[in-house]
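Enquirer: Before anything else, here's the structure in question.
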Number of protein chains: 2
Amino acid sequence: MSFRATLDFLLHDWLRVETLTQRPRFAEHSRETFDAVLDTCERIARETFEPANRRADVQEPHFDGERVHLPESTRTATEAYAASGMLAAAQDVEIGGMQLPCVVEMAANACFFKGSVAISAYAMLTTGNASLLMAHGTPQQIDSFARHEFSGRWFGSMCLSEPQAGSSLGDVTTRARPDGEGSEHDPLGPRYRLSGHKMWISGGEHELTENIVHLVLAKIPADDGTLPAGVKGLSLFIVPKWLVQPGGRLTGERNDVALAGLNHKLGYRGTTNTLLNFGEGRFRPGGAAGAVGYRVGAPGEGLRCMFHMMNEARIGVGLGAVMLGYAGYESSLAYAKQRPQGRPLGAKDAGRPPVAIVEHADVKRMLLAQKAYVEGGLALALYCARLVDDKRSGSATEQAEAGVLLELLTPIAKSWPSEWCLEANSLAIQVLGGSGYTRDFPVEQHWRDNRLNMIHEGTHGIQGLDLLGRKVVMDGGKGLRLLAGRIDASIARAGQVAGLAEQGNALARALQHLGAATKAAWASGEPRDALANATPYLQAFGHVVLAWMWLELALAARAALDAGSDTASGSTAAALYHGKLAAARYFFHYELPKITAWLAVVETRDATCRDLDPDCL
Amino acid sequence: MSFRATLDFLLHDWLRVETLTQRPRFAEHSRETFDAVLDTCERIARETFEPANRRADVQEPHFDGERVHLPESTRTATEAYAASGMLAAAQDVEIGGMQLPCVVEMAANACFFKGSVAISAYAMLTTGNASLLMAHGTPQQIDSFARHEFSGRWFGSMCLSEPQAGSSLGDVTTRARPDGEGSEHDPLGPRYRLSGHKMWISGGEHELTENIVHLVLAKIPADDGTLPAGVKGLSLFIVPKWLVQPGGRLTGERNDVALAGLNHKLGYRGTTNTLLNFGEGRFRPGGAAGAVGYRVGAPGEGLRCMFHMMNEARIGVGLGAVMLGYAGYESSLAYAKQRPQGRPLGAKDAGRPPVAIVEHADVKRMLLAQKAYVEGGLALALYCARLVDDKRSGSATEQAEAGVLLELLTPIAKSWPSEWCLEANSLAIQVLGGSGYTRDFPVEQHWRDNRLNMIHEGTHGIQGLDLLGRKVVMDGGKGLRLLAGRIDASIARAGQVAGLAEQGNALARALQHLGAATKAAWASGEPRDALANATPYLQAFGHVVLAWMWLELALAARAALDAGSDTASGSTAAALYHGKLAAARYFFHYELPKITAWLAVVETRDATCRDLDPDCL
């Protein structure tokens, strides 16, 4: 089954994306313009991203002390992406955008992620960076920086972590001092000089574009030189690699941002990952050491500004994980269909020719599991993107609900594919057997690349704390109630459909279990008790959400089948819908029951791990 | 806690290995000689294997068209191993062996595996190869081949798979024709000429030793040239890379075995993995093409001979997986103890210095999970090795029971660590966060190396079919009854111990569930029905066995604690025992409940996967 057929099913049969064109913002669009975007993106991804993906891995970024070298094919791919206009896909027409719904943008980006997640990252960082400036920058900052990122002239980076402060941003020590007399009135924004070290910066150095727009979290010291403690002291700064005049012309002067080194990674090698030194005096813009930066938003508002784009970045990470899983699924399915080996159980006549391994029950299991993980994950990413559209351009009620649901679902959209689509990649290797373990096939790279996703943009553990410690208790549990309401509505619909009522009932029980476990976790009101098993809670929550996704997809598939073969395009369409029903069945029979084990420790507030004396390890 | 402390706990507090010295075969041994062997092996592993492990990965085997190049440090390590005498550790003194119990040999090899599993593989293949010859070879074959493998003069390989026949050995097409007049009476064994292609041959080519003894499965064609169908047509042959005179002197003539290419792998790169061409005429021993081979055992008995050593090889694979997990556990524990980041929940004062991450509940969870996986896996490997000792040198009853139990437990000893100690490696990466994803730390290599273990020596799927399709039904379920009896005995002991009765009860319920699911799976008597979910069955069975291991270890730890602090060496010993109790608790609370989900599809003979039309994928 082609990826595009599944994408169309999700966008149209299920999410009814065309209805968005009734909103003024998308009035110029139609099914045809959406299709045209996807056609173009599929083609570019196939022609430039896919062929560049292995090279980006084996010809890892190399720093010769002066310059970072990337394969030419990476440049070809990123240039094709920029030329497609996708960097500004969701932006207003006035700034050169296509005013596409986020859900269509997300679907289009899925094509690129499938082609090469590591190469796509440059574009995703740039879009995220520039979108943040659209929300929090001044008109001059938008005109001088964001506009040139959307056009693909420059790329962007996000500089948060530091060597001594990975996930713990409150411990950031990069300093930003006002850059002397008149610095408050720089047309590009209040001007500062930054100094400090940033670690794990993806896209922090390259020559794919003539400039790089760094967005940097730093602290403004008090008069006595001390830094404010905690995350509330963080402010946000634009620090371009090359200095810029208002409007975006380059001054030709190099800013004091220097590459200290590249990280050499397990996977995801196509994206440079850097240690950057700000203000060490390697360059002396305006004759002085210190990286010139322009403040975005008010002092102390840095993290709030960053979080504006964090939700979308996290959904993007989830989608990247999904599409790595999808790529592995496609590879292993193709292999299984053409590789003859073994004979059917119960008909083991050694004299007969072997069958394709896709005929073996356990191989089917490994393929169906992958399908359930990756298509379910894709559904969730698109559902979240659809919520982003509601939040931006829906009715007042839609906006309010979408905002709350997005807060709740983002940790799942990020973490669940990072874990389970990685498992899908492992299953893809397993389907290929020894071949899957060689570098002659792409599945081992998918698996290596995907291992990053449980780590960056907030680790798995942090997603769990965010979900159980913040999101489910926020506003007296409003998000969870809203989600439960939507899930209940799906269950009610399933109750009317032959063959799906049982799955609806299973989901109802799971949801009730999850609700009870949430209460039990917080029974003492103590974060120490509740959060001791936040990660198993995250896993269980994720499986419940995914079961809901699969019930939704099963309902859509069943409805399409019932609409009759006269409208569906014959047996291929029927196979597509039956495939969705089979994957839903797989998820309910093989996956959803796993929540019992995860919730067991949550509801008992099991302290085995928390209370362990590290000396016993 | 040091690895050695755990090893000593398992060997002595738990398995009472010293009692083996009461058997005549081990009468010359004592706790002191066992300790000395372990001391030596730990030292060699630390001094030569550990330092060579990363180099063996980054300086992957390279074939220049004539020779295969390996790092010098790999040679240093394998030579140190051979010099230690460990290749013949379990062999009779007469053939140069140490007559060590298998369980001590296994413990010693664990040290090498932890240092470098890929480098250890050369020695493991050699021991397995030579041990097979001890069981099935003629005295002359033993004298001319096995003896020189045990001394480390030559290494061995096992040549089973072919490009068109990976797991399906019945489809092997390598041919062995009698080598003309008088070939039946060659002193080295009936002489044949072999031709065919062998794939995935580990250690199939290198220059670490002056010769390589290949053991090759091939078929002897009928008079009309046709090959017998299926595995019953397989015979076994010794095919040395360089030809050998009786006694083992090299003739100087190269056999017709040629390296067609090296496989370039995801991990485990230190072990050459080869495609070998036999009899293509690249070399012409005796003036003719065809690889000269000497038959071992009777025609058609090839697979039976191979399986003689397969159990031990599979336990060895399991132990390799365990020790990769252990190495990752050690690395991530050391990291977590020294890396400061974040503050305790409920005491998030940003002004206070951060704590070591080992203080965070979720990091403890990830470390305790690793501990439970790797120490539990190690216990199982040693338990199986102890059974090998019983099978070889126990009383008649012990021999019979050990043989049956080994058959049953081998698929678990192989598959369980391959899956869960791989998960341990993933958790180790997660503990290190971004650092774990770089090649600056060893944890990413452990994870890559370990991914092989679910594939080689019988894939995960094949282990499941072996367990549910063969081992649990063998002799009317004798093995399962025997195992249940031993587990029940442990449960009964736990019932007498404060704090362990609950775990005993949980295990009793799990065992009952497993038994019922086994019956339900076979209710229709149809392999198609029973085996449709053989892999989830394998997973559930594995978790039950590991829960039993942990109950056993908890009993041993509790007994040691109760024996009083006057004998234990103070607080370190107490921490060791409390660590075992904590890991047992972890396993019972977090892991054992997972079996419910796996068994659900087994007991319902769920056909979702088996009946899936591949066109729906």
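Letters A, B, ... mark the chains of the structure tokens in the order given; residue numbers begin at 1 per chain; ligand numbers begin at 1, in order shown.
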How close does chain B get to chain A? List, as a Markdown table, each residue of chain B within 7 Å, its nearest atom pair and the distance in Å to one decimal, counting only C-alpha atoms.

Expert:
| residue | atom | partner | partner_atom | distance |
| --- | --- | --- | --- | --- |
| B:Met1 | CA | A:Leu617 | CA | 6.3 |
| B:Ala165 | CA | A:Gln341 | CA | 6.7 |
| B:Ser168 | CA | A:Gly342 | CA | 5.7 |
| B:Gly170 | CA | A:Ala350 | CA | 7.0 |
| B:Ala229 | CA | A:Ala350 | CA | 5.7 |
| B:Gly230 | CA | A:Ala350 | CA | 5.0 |
| B:Asn263 | CA | A:Thr438 | CA | 6.5 |
| B:His264 | CA | A:Thr438 | CA | 5.4 |
| B:Lys265 | CA | A:Thr438 | CA | 4.1 |
| B:Leu266 | CA | A:Tyr437 | CA | 5.5 |
| B:Gln341 | CA | A:Ser168 | CA | 6.5 |
| B:Gly342 | CA | A:Ser168 | CA | 5.7 |
| B:Leu345 | CA | A:Arg528 | CA | 5.9 |
| B:Gly346 | CA | A:Pro527 | CA | 6.5 |
| B:Ala350 | CA | A:Gly230 | CA | 5.0 |
| B:Gly351 | CA | A:Ala229 | CA | 5.8 |
| B:Val358 | CA | A:Pro614 | CA | 6.8 |
| B:Ala361 | CA | A:Arg610 | CA | 4.4 |
| B:Asp362 | CA | A:Gly461 | CA | 6.5 |
| B:Lys364 | CA | A:Cys609 | CA | 5.6 |
| B:Arg365 | CA | A:Cys609 | CA | 5.1 |
| B:Leu368 | CA | A:Leu617 | CA | 6.9 |
| B:Gln430 | CA | A:Ile455 | CA | 6.8 |
| B:Gly433 | CA | A:Ile455 | CA | 5.8 |
| B:Gly434 | CA | A:Ile455 | CA | 6.4 |
| B:Tyr437 | CA | A:Leu266 | CA | 5.6 |
| B:Thr438 | CA | A:Lys265 | CA | 4.1 |
| B:Arg439 | CA | A:Lys265 | CA | 5.6 |
| B:Glu444 | CA | A:Leu266 | CA | 6.4 |
| B:Leu452 | CA | A:Tyr437 | CA | 6.8 |
| B:Ile455 | CA | A:Gly433 | CA | 5.8 |
| B:Gly461 | CA | A:Asp362 | CA | 6.5 |
| B:Pro527 | CA | A:Gly346 | CA | 6.5 |
| B:Arg528 | CA | A:Leu345 | CA | 5.9 |
| B:Ala532 | CA | A:Ala361 | CA | 5.6 |
| B:Ala575 | CA | A:Cys616 | CA | 4.8 |
| B:Leu576 | CA | A:Cys616 | CA | 5.9 |
| B:His578 | CA | A:Cys616 | CA | 6.3 |
| B:Gly579 | CA | A:Cys616 | CA | 4.4 |
| B:Ala582 | CA | A:Thr608 | CA | 6.8 |
| B:Arg585 | CA | A:Thr608 | CA | 7.0 |
| B:Tyr586 | CA | A:Thr608 | CA | 6.4 |
| B:His589 | CA | A:Val601 | CA | 6.8 |
| B:Tyr590 | CA | A:Ala597 | CA | 6.7 |
| B:Pro593 | CA | A:Ala597 | CA | 5.0 |
| B:Lys594 | CA | A:Ala597 | CA | 5.4 |
| B:Ala597 | CA | A:Pro593 | CA | 5.0 |
| B:Val601 | CA | A:Tyr590 | CA | 6.8 |
| B:Thr608 | CA | A:Tyr586 | CA | 6.4 |
| B:Cys609 | CA | A:Arg365 | CA | 5.1 |
| B:Arg610 | CA | A:Ala361 | CA | 4.4 |
| B:Pro614 | CA | A:Val358 | CA | 6.8 |
| B:Asp615 | CA | A:Ala575 | CA | 6.5 |
| B:Cys616 | CA | A:Gly579 | CA | 4.4 |
| B:Leu617 | CA | A:Gly579 | CA | 5.9 |

Enquirer: Using DSSP on the backbone, list every residue of stretch 180-423 of chain B that comes out as strand (DSSP E or B), and give them as a ChimeraX atom specification.

Expert: /B:191-202,212-219,234-240,242-244,250-254,257-262,265,273-278,291-296,340,356

Enquirer: Counting only C-alpha atoms, what is within 12 Å of A:Arg23, bar same-chain residues fewer than 5 positions away, as a compact mmCIF listing (two decimals) with C-alpha atoms, in the first residue's frame?

Expert:
# COMPACT_ATOMS: atom_id res chain seq x y z
CA VAL A 17 -9.15 18.41 5.81
CA GLU A 18 -11.00 19.92 2.87
CA GLU A 28 -7.97 30.14 -1.64
CA HIS A 29 -7.19 26.48 -1.08
CA SER A 30 -8.94 23.33 -2.24
CA GLN A 99 -1.15 30.05 4.01
CA LEU A 100 -1.48 26.26 4.13
CA PRO A 101 -3.18 24.59 7.07
CA ASP A 389 -5.16 24.75 12.91
CA ASP A 390 -8.15 24.88 15.23
CA ARG A 392 -5.13 29.36 15.11
CA SER A 393 -8.17 29.71 12.93
CA GLY A 394 -11.08 27.83 14.46
CA SER A 395 -14.09 29.19 16.30

Enquirer: Just the residues within 10 Å of A:Ala501, please, counting only C-alpha atoms, with nothing from its chain fewer than 5 positions along; format it as a list in words.

Expert: Ile491, Ala492, Arg493, Ala494, Gly495, Gln496, Ala506, Leu507 and Leu551 of chain A

Enquirer: Can you list, as a ChimeraX atom specification, every protein, DNA or RNA residue that comes within 10 Å of stretch 72-82 of chain B when you count only C-alpha atoms, leaving out same-chain residues fewer than 4 positions away?

Expert: /B:41,44-45,47-53,55-56,86-88,109,112,116,118-123,149-155,207-209,270-271

Enquirer: Could you save those same residues with N, CA, C and O atoms as a short mmCIF file (atom, residue, chain, number, x, y, z; two decimals), in the first residue's frame?

Expert:
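Wrote part-v1.cif, looks like this:
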data_model
loop_
_atom_site.label_atom_id
_atom_site.label_comp_id
_atom_site.auth_asym_id
_atom_site.auth_seq_id
_atom_site.Cartn_x
_atom_site.Cartn_y
_atom_site.Cartn_z
N CYS B 41 41.25 -14.07 34.28
CA CYS B 41 40.41 -13.67 33.14
C CYS B 41 39.97 -12.21 33.26
O CYS B 41 39.95 -11.48 32.27
N ILE B 44 43.05 -10.16 32.19
CA ILE B 44 43.31 -10.16 30.74
C ILE B 44 42.24 -9.36 30.00
O ILE B 44 42.54 -8.59 29.08
N ALA B 45 41.00 -9.54 30.43
CA ALA B 45 39.90 -8.81 29.76
C ALA B 45 40.10 -7.32 29.92
O ALA B 45 39.91 -6.54 28.99
N GLU B 47 42.92 -5.72 30.59
CA GLU B 47 44.15 -5.21 29.99
C GLU B 47 44.18 -5.29 28.47
O GLU B 47 44.82 -4.47 27.81
N THR B 48 43.51 -6.30 27.91
CA THR B 48 43.62 -6.45 26.44
C THR B 48 42.30 -6.35 25.70
O THR B 48 42.27 -5.83 24.60
N PHE B 49 41.21 -6.84 26.27
CA PHE B 49 39.93 -6.81 25.54
C PHE B 49 39.29 -5.43 25.58
O PHE B 49 38.91 -4.89 24.56
N GLU B 50 39.14 -4.90 26.78
CA GLU B 50 38.49 -3.60 26.90
C GLU B 50 39.14 -2.52 26.04
O GLU B 50 38.46 -1.81 25.31
N PRO B 51 40.48 -2.40 26.10
CA PRO B 51 41.10 -1.34 25.29
C PRO B 51 40.95 -1.58 23.79
O PRO B 51 41.04 -0.64 23.01
N ALA B 52 40.75 -2.83 23.39
CA ALA B 52 40.69 -3.14 21.96
C ALA B 52 39.28 -3.02 21.40
O ALA B 52 39.09 -3.05 20.18
N ASN B 53 38.29 -2.85 22.28
CA ASN B 53 36.91 -2.99 21.83
C ASN B 53 36.46 -1.87 20.89
O ASN B 53 35.84 -2.12 19.88
N ARG B 55 38.40 0.13 19.11
CA ARG B 55 39.19 0.07 17.88
C ARG B 55 38.65 -1.00 16.93
O ARG B 55 38.62 -0.81 15.72
N ALA B 56 38.25 -2.12 17.50
CA ALA B 56 37.71 -3.20 16.66
C ALA B 56 36.45 -2.72 15.94
O ALA B 56 36.07 -3.25 14.89
N MET B 86 42.12 -20.69 28.21
CA MET B 86 40.67 -20.74 28.34
C MET B 86 39.98 -21.44 27.18
O MET B 86 38.85 -21.89 27.31
N LEU B 87 40.66 -21.55 26.03
CA LEU B 87 40.02 -22.25 24.91
C LEU B 87 39.70 -23.70 25.28
O LEU B 87 38.74 -24.28 24.78
N ALA B 88 40.50 -24.26 26.15
CA ALA B 88 40.30 -25.66 26.54
C ALA B 88 39.86 -25.78 27.99
O ALA B 88 40.01 -26.83 28.61
N ASN B 109 34.29 -16.54 30.92
CA ASN B 109 34.06 -15.94 29.62
C ASN B 109 33.22 -14.68 29.71
O ASN B 109 33.32 -13.79 28.86
N PHE B 112 35.38 -11.72 29.53
CA PHE B 112 35.84 -11.37 28.19
C PHE B 112 34.73 -10.73 27.37
O PHE B 112 34.94 -9.76 26.64
N SER B 116 34.95 -7.24 25.41
CA SER B 116 34.68 -7.09 23.97
C SER B 116 34.02 -8.35 23.45
O SER B 116 34.67 -9.37 23.23
N ALA B 118 32.80 -8.81 20.52
CA ALA B 118 33.15 -9.11 19.13
C ALA B 118 34.50 -9.82 19.05
O ALA B 118 34.69 -10.72 18.22
N ILE B 119 35.43 -9.43 19.89
CA ILE B 119 36.73 -10.10 19.87
C ILE B 119 36.62 -11.49 20.50
O ILE B 119 37.24 -12.45 20.04
N SER B 120 35.77 -11.59 21.53
CA SER B 120 35.59 -12.90 22.17
C SER B 120 35.03 -13.94 21.20
O SER B 120 35.25 -15.15 21.38
N ALA B 121 34.31 -13.46 20.19
CA ALA B 121 33.62 -14.40 19.32
C ALA B 121 34.57 -15.39 18.65
O ALA B 121 34.22 -16.56 18.44
N TYR B 122 35.78 -14.94 18.31
CA TYR B 122 36.73 -15.87 17.67
C TYR B 122 36.99 -17.08 18.57
O TYR B 122 37.03 -18.22 18.11
N ALA B 123 37.16 -16.79 19.86
CA ALA B 123 37.45 -17.87 20.80
C ALA B 123 36.23 -18.76 21.00
O ALA B 123 36.34 -19.99 21.05
N GLU B 149 43.08 -26.34 17.87
CA GLU B 149 42.15 -25.25 18.17
C GLU B 149 42.18 -24.95 19.67
O GLU B 149 42.21 -23.80 20.08
N PHE B 150 42.19 -26.00 20.47
CA PHE B 150 42.24 -25.77 21.93
C PHE B 150 43.52 -25.05 22.35
O PHE B 150 43.53 -24.29 23.32
N SER B 151 44.59 -25.30 21.63
CA SER B 151 45.85 -24.63 21.99
C SER B 151 45.90 -23.19 21.50
O SER B 151 46.78 -22.43 21.89
N GLY B 152 44.94 -22.83 20.62
CA GLY B 152 44.93 -21.47 20.09
C GLY B 152 45.81 -21.30 18.87
O GLY B 152 45.97 -20.20 18.35
N ARG B 153 46.38 -22.41 18.40
CA ARG B 153 47.21 -22.33 17.19
C ARG B 153 46.35 -22.01 15.98
O ARG B 153 46.76 -21.28 15.09
N TRP B 154 45.15 -22.61 15.95
CA TRP B 154 44.19 -22.33 14.88
C TRP B 154 42.86 -21.91 15.50
O TRP B 154 42.54 -22.30 16.61
N PHE B 155 42.10 -21.15 14.74
CA PHE B 155 40.74 -20.83 15.14
C PHE B 155 39.75 -21.60 14.26
O PHE B 155 40.14 -22.19 13.25
N GLU B 207 43.71 -13.38 9.73
CA GLU B 207 45.06 -13.95 9.86
C GLU B 207 45.50 -13.92 11.32
O GLU B 207 46.69 -13.80 11.63
N LEU B 208 44.53 -14.05 12.21
CA LEU B 208 44.85 -14.09 13.64
C LEU B 208 45.60 -15.37 13.98
O LEU B 208 46.40 -15.40 14.91
N THR B 209 45.30 -16.42 13.25
CA THR B 209 45.97 -17.71 13.47
C THR B 209 46.44 -18.23 12.12
O THR B 209 45.96 -17.79 11.06
N GLY B 270 34.00 -6.12 15.20
CA GLY B 270 35.30 -6.72 15.45
C GLY B 270 35.41 -8.15 14.96
O GLY B 270 36.51 -8.66 14.74
N THR B 271 34.28 -8.82 14.81
CA THR B 271 34.28 -10.17 14.27
C THR B 271 34.09 -10.11 12.76
O THR B 271 33.09 -9.56 12.30
#

Enquirer: By how many Å are atom CA of A:Ser144 and atom CA of A:Val244 apart?

Expert: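 Value for the atom CA of A:Ser144-atom CA of A:Val244 distance: 7.6 Å.
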
Enquirer: Between atom CA of B:Val213 and atom CA of B:Val239, what distance in Å does the model show, to one decimal?

Expert: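 Calculated distance between atom CA of B:Val213 and atom CA of B:Val239 is 6.1 Å.
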
Enquirer: Skipping near chain neighbours, those fewer than 4 positions away, what residues fall within 7 Å of B:Cys102 using only C-alpha atoms, listed as a ChimeraX atom specification?

Expert: /B:90,106,385-386,388-389

Enquirer: Can you write out the residues you just picked, keeping N, CA and C atoms, as a JSON list (two decimals), in the first residue's frame?

Expert:
[["chain", "number", "residue", "atom", "x", "y", "z"],
["B", 90, "ALA", "N", 37.25, -26.27, 29.70],
["B", 90, "ALA", "CA", 36.37, -27.35, 30.19],
["B", 90, "ALA", "C", 36.85, -28.72, 29.74],
["B", 106, "MET", "N", 31.97, -20.48, 32.00],
["B", 106, "MET", "CA", 31.01, -19.47, 31.54],
["B", 106, "MET", "C", 31.22, -18.16, 32.29],
["B", 385, "ALA", "N", 24.55, -23.17, 32.52],
["B", 385, "ALA", "CA", 25.89, -23.77, 32.51],
["B", 385, "ALA", "C", 26.02, -24.82, 33.62],
["B", 386, "ARG", "N", 25.41, -24.50, 34.74],
["B", 386, "ARG", "CA", 25.40, -25.45, 35.86],
["B", 386, "ARG", "C", 24.65, -26.72, 35.46],
["B", 388, "VAL", "N", 24.57, -27.84, 32.40],
["B", 388, "VAL", "CA", 25.50, -28.54, 31.51],
["B", 388, "VAL", "C", 26.44, -29.40, 32.35],
["B", 389, "ASP", "N", 26.90, -28.86, 33.47],
["B", 389, "ASP", "CA", 27.75, -29.66, 34.36],
["B", 389, "ASP", "C", 27.01, -30.87, 34.90]]

Enquirer: Run DSSP on the backbone and tell me which residues of stretch 209-303 of chain A come out as helix (DSSP H, G or I); list them as a list of chain:residue names.

Expert: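 Here are the helix (DSSP H, G or I) residues of stretch 209-303 of chain A: A:Val231, A:Lys232, A:Gly233, A:Pro285, A:Gly286, A:Gly287, A:Gly302, A:Leu303.
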
Enquirer: Could you turn the residues from that selection into a file that holds C-alpha atoms, as a PDB file, in the first residue's frame?

Expert:
ATOM      1  CA  VAL A 231      14.522  29.586  34.370  1.00  0.00           C
ATOM      2  CA  LYS A 232      12.878  32.900  35.195  1.00  0.00           C
ATOM      3  CA  GLY A 233      16.177  34.627  34.538  1.00  0.00           C
ATOM      4  CA  PRO A 285      32.662  42.532  15.684  1.00  0.00           C
ATOM      5  CA  GLY A 286      32.874  46.304  16.036  1.00  0.00           C
ATOM      6  CA  GLY A 287      36.378  45.828  17.342  1.00  0.00           C
ATOM      7  CA  GLY A 302      13.063  33.838  27.121  1.00  0.00           C
ATOM      8  CA  LEU A 303      11.706  30.453  28.037  1.00  0.00           C
TER       9      LEU A 303
END

Enquirer: Write out as a list of chain:residue names the residues lying within 8 Å of B:Leu262, counting only C-alpha atoms and excluding same-chain residues fewer than 6 positions away.

Expert: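 In the requested format, the answer is B:Pro61, B:His62, B:Phe63, B:Thr272, B:Asn273, B:Thr274, B:Leu275.
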